Amino acid sequence: MTAWRVREPGPMRSRPLAQFTMPVPEPGPDELLLRVLVCGVCRTDLHVAEGDLPVHRDAVVPGHEVVGEVVGWGERVGDGFGLGDRVGIGWLRGTCGVCRYCLRGDENLCPDSRYTGWDVDGGYAQYTVVPAAFAHRLPDGYLDEELAPLLCAGIIGYRALQCAAVPDGGRLGIYGFGGSAHLAAQVALARGAEVHVMTRGERARKLALELGVASVQGPSDPPPVPLDSAILFAPVGTLVPPALAALDRGGTLAVAGIHLTDIPRLNYREHLFEERTLRSVTANTRADAREFLDFAGRHRLLVTANAYTLDEADRALTDLREGRVVGAAVLIAG
């Protein structure tokens with residue numbers, strides 16, 4: 001099969017990805033073998049390729065927003081899946097199941113958690129495997145290329161909304177407006193929130209307005225009203241102080257990325273006093289995934305997807321790096 005590997009992490013201009021021909025993987029006893037139909041292109045893939053994240057697996061195949069067709073399985077999978085079933089693979093791929101975090105329902109904090117396209121090979125390939133316990137049932141009514149971004153961008157955006165503690169009818173600020181943000185905004189709007197977007201791209205601002213947000217402005221500009229909650233999707237630490245300053249009393253800022261550049265020094269009174277909260281978002285649980293995909297099945301989300309072929313994976317990541325992707329990007333592998 002054809003697959004892309006991270007040959008040597010580095011800037012996209014150094015071409016860290018290389019295309020290889022490699023054997024189709026064999027599913028383990030508890031795994032499904034999928035023929036990849038579509039794989040989303042996530043900013044986390046960019047962090048893996050460029051070395052912002054430490055190497056967990058040499059020459060890893062990136063990609064963790066996978067829509068695939070079941071073509072085989074291991075002997076312990078059971079009767080839950082059949083040939084031809086369409087299933088999804090997300091970022092979280094495995095946990096220990098027995099630590100105190102797993103037992104209390106916080107499996108995203110498991111010290112032995114494993115991740116698709118970082119610890120094990122992912123979906124920038126024609127075939128991949130996934131533990132059946134971490135494969136996702138997908139909602140009806142979406143094309144494959146619309147489903148792929150839901151599997152990380154959508155799920156992480158949903159968890160970020162939960163972490164941001166948006167009150168009923170509250171004012172939510174969104175910093176950065178890419179694949180995850182344009183989905184989270186729709187969930188927030190459907191729940192009755194007033195959404196304000198801070199982002200640099202004109203096309204992203206246009207998309208935000210088309211989705212029904214209340215205002216758009218530059219990435220560090222103050223919103224027109226104090227915010228009850230905010231989510232930082234852009235991996236830019238210099239945006240933390242203005243986002244905190246934009247919060248009303250008791251507001252919460254959730255930082256949604258797995259990587260963030262350094263945060264400048266904060267002023268206690270300006271940025272944190274009056275019970276403002278700054279918190280991170282770390283991966284997701286399978287419960288988050290189920291809740292979000294159920295929501296997507298009941299509320300038809302507009303998924304803006306820029307399509308590339310599998311052979312164009314390095315160009316897709318470069319376009320993401322350079323801000324040329326509005327919404328999400330996906331690789332059509334089938």
# chains A, B, ... in the order shown; residues from 1 in each chain; ligands from 1
call {"tool": "residues_around", "arguments": {"residues": "range 74-85 of chain A", "least_positions_apart": "4", "cutoff": "8 Å", "atoms": "only C-alpha atoms", "output": "PyMOL selection string"}}
result
chain A and resi 27-32+69-70+132
call {"tool": "select_by_dssp", "arguments": {"residues": "range 42-283 of chain A", "states": "alpha helix (DSSP H)", "output": "ChimeraX atom specification"}}
result
/A:43-50,100-103,144-149,155-164,179-190,202-211,240-245
call {"tool": "residues_around", "arguments": {"residues": "range 231-241 of chain A", "least_positions_apart": "2", "cutoff": "7 Å", "atoms": "only C-alpha atoms", "output": "PyMOL selection string"}}
result
chain A and resi 160+164+173-176+181+220+243-245+253-257+259-264+266+271
call {"tool": "residues_around", "arguments": {"residues": "Val36 in chain A", "least_positions_apart": "4", "cutoff": "8 Å", "atoms": "only C-alpha atoms", "output": "number ranges by chain"}}
result
A: 66-69, 123, 125-128, 333-334
call {"tool": "write_last_selection", "arguments": {"atoms": "N, CA and C atoms", "output": "compact mmCIF listing (two decimals), in the first residue's frame"}}
result
# COMPACT_ATOMS: atom_id res chain seq x y z
N VAL A 66 -9.88 9.54 10.61
CA VAL A 66 -9.98 8.53 9.56
C VAL A 66 -11.41 8.02 9.43
N VAL A 67 -11.92 8.05 8.22
CA VAL A 67 -13.15 7.37 7.87
C VAL A 67 -12.76 6.18 7.01
N GLY A 68 -13.12 4.98 7.47
CA GLY A 68 -12.70 3.79 6.75
C GLY A 68 -13.80 2.75 6.66
N GLU A 69 -13.54 1.77 5.80
CA GLU A 69 -14.44 0.65 5.59
C GLU A 69 -13.80 -0.60 6.19
N GLY A 123 -3.64 7.46 9.48
CA GLY A 123 -4.46 7.35 8.28
C GLY A 123 -3.95 7.98 7.01
N ALA A 125 -2.59 6.85 4.64
CA ALA A 125 -2.27 5.57 4.04
C ALA A 125 -3.54 4.99 3.43
N GLN A 126 -3.38 3.91 2.68
CA GLN A 126 -4.54 3.27 2.07
C GLN A 126 -5.24 2.30 3.01
N TYR A 127 -4.52 1.82 4.01
CA TYR A 127 -5.10 0.91 5.01
C TYR A 127 -4.53 1.27 6.38
N THR A 128 -5.31 1.00 7.42
CA THR A 128 -4.82 1.20 8.78
C THR A 128 -5.62 0.30 9.72
N ALA A 333 -8.52 9.12 0.03
CA ALA A 333 -7.63 7.98 -0.20
C ALA A 333 -8.25 6.93 -1.09
N GLY A 334 -9.58 6.89 -1.14
CA GLY A 334 -10.22 5.83 -1.90
C GLY A 334 -10.17 6.07 -3.40
call {"tool": "residues_around", "arguments": {"residues": "Arg298 in chain A", "least_positions_apart": "3", "cutoff": "10 Å", "atoms": "only C-alpha atoms", "output": "list in words"}}
result
Pro139, Asp140, Gly141, Phe292, Leu293, Asp294, Phe295 and Leu301 of chain A
call {"tool": "atom_distance", "arguments": {"atom1": "CA of Glu322 in chain A", "atom2": "CA of Tyr124 in chain A"}}
result
20.1 Å
call {"tool": "residues_around", "arguments": {"residues": "Leu147 in chain A", "least_positions_apart": "5", "cutoff": "9 Å", "atoms": "only C-alpha atoms", "output": "PyMOL selection string"}}
result
chain A and resi 38+40+65-67+88+138-139+142+303
call {"tool": "write_last_selection", "arguments": {"atoms": "N, CA, C and O atoms", "output": "PDB file, in the first residue's frame"}}
result
ATOM      1  N   VAL A  38     -11.178   8.343   3.647  1.00  0.00           N
ATOM      2  CA  VAL A  38     -10.803   9.755   3.790  1.00  0.00           C
ATOM      3  C   VAL A  38     -10.049   9.897   5.111  1.00  0.00           C
ATOM      4  O   VAL A  38     -10.396   9.253   6.104  1.00  0.00           O
ATOM      5  N   GLY A  40      -8.719  13.159   7.563  1.00  0.00           N
ATOM      6  CA  GLY A  40      -8.609  14.592   7.774  1.00  0.00           C
ATOM      7  C   GLY A  40      -7.168  15.009   8.023  1.00  0.00           C
ATOM      8  O   GLY A  40      -6.326  14.219   8.441  1.00  0.00           O
ATOM      9  N   GLU A  65      -7.928  11.425  11.761  1.00  0.00           N
ATOM     10  CA  GLU A  65      -9.332  11.719  11.475  1.00  0.00           C
ATOM     11  C   GLU A  65      -9.735  10.817  10.315  1.00  0.00           C
ATOM     12  O   GLU A  65      -9.906  11.264   9.187  1.00  0.00           O
ATOM     13  N   VAL A  66      -9.879   9.539  10.609  1.00  0.00           N
ATOM     14  CA  VAL A  66      -9.980   8.527   9.561  1.00  0.00           C
ATOM     15  C   VAL A  66     -11.409   8.020   9.433  1.00  0.00           C
ATOM     16  O   VAL A  66     -12.030   7.601  10.413  1.00  0.00           O
ATOM     17  N   VAL A  67     -11.918   8.054   8.224  1.00  0.00           N
ATOM     18  CA  VAL A  67     -13.153   7.372   7.870  1.00  0.00           C
ATOM     19  C   VAL A  67     -12.755   6.178   7.015  1.00  0.00           C
ATOM     20  O   VAL A  67     -12.083   6.337   5.988  1.00  0.00           O
ATOM     21  N   GLY A  88     -15.103   5.222  12.176  1.00  0.00           N
ATOM     22  CA  GLY A  88     -14.153   6.315  12.287  1.00  0.00           C
ATOM     23  C   GLY A  88     -13.072   6.032  13.309  1.00  0.00           C
ATOM     24  O   GLY A  88     -13.281   5.288  14.270  1.00  0.00           O
ATOM     25  N   LEU A 138     -20.476   6.175  13.123  1.00  0.00           N
ATOM     26  CA  LEU A 138     -20.590   7.473  12.473  1.00  0.00           C
ATOM     27  C   LEU A 138     -22.040   7.824  12.183  1.00  0.00           C
ATOM     28  O   LEU A 138     -22.844   6.944  11.855  1.00  0.00           O
ATOM     29  N   PRO A 139     -22.398   9.113  12.284  1.00  0.00           N
ATOM     30  CA  PRO A 139     -23.783   9.510  12.004  1.00  0.00           C
ATOM     31  C   PRO A 139     -24.101   9.433  10.517  1.00  0.00           C
ATOM     32  O   PRO A 139     -23.216   9.563   9.659  1.00  0.00           O
ATOM     33  N   TYR A 142     -23.984  12.375   6.166  1.00  0.00           N
ATOM     34  CA  TYR A 142     -22.768  13.116   5.836  1.00  0.00           C
ATOM     35  C   TYR A 142     -21.964  12.350   4.792  1.00  0.00           C
ATOM     36  O   TYR A 142     -21.927  11.115   4.798  1.00  0.00           O
ATOM     37  N   VAL A 303     -19.887  21.335   7.278  1.00  0.00           N
ATOM     38  CA  VAL A 303     -18.463  21.019   7.354  1.00  0.00           C
ATOM     39  C   VAL A 303     -17.796  21.565   6.097  1.00  0.00           C
ATOM     40  O   VAL A 303     -18.061  21.098   4.994  1.00  0.00           O
TER      41      VAL A 303
END
call {"tool": "closest_residue", "arguments": {"among": "A:Asp119, A:Glu8, A:Glu26, A:Glu291", "to": "Val187 in chain A", "atoms": "only C-alpha atoms"}}
result
A:Glu291
call {"tool": "closest_residue", "arguments": {"among": "A:Arg159, A:Arg276, A:His64, A:Arg286", "to": "Leu331 in chain A", "atoms": "only C-alpha atoms"}}
result
A:His64
call {"tool": "atom_distance", "arguments": {"atom1": "CA of Leu247 in chain A", "atom2": "CA of Val213 in chain A"}}
result
17.6 Å
call {"tool": "residues_around", "arguments": {"residues": "Arg205 in chain A", "least_positions_apart": "6", "cutoff": "12 Å", "atoms": "only C-alpha atoms", "output": "VMD selection string"}}
result
chain A and resid 174 to 178 181 to 182 196 to 199 211 to 219 326 to 327
call {"tool": "atom_distance", "arguments": {"atom1": "CA of Arg13 in chain A", "atom2": "CA of Ala328 in chain A"}}
result
21.1 Å
call {"tool": "closest_residue", "arguments": {"among": "A:Leu209, A:Ala188, A:Cys102, A:Leu34", "to": "Val71 in chain A", "atoms": "only C-alpha atoms"}}
result
A:Leu34
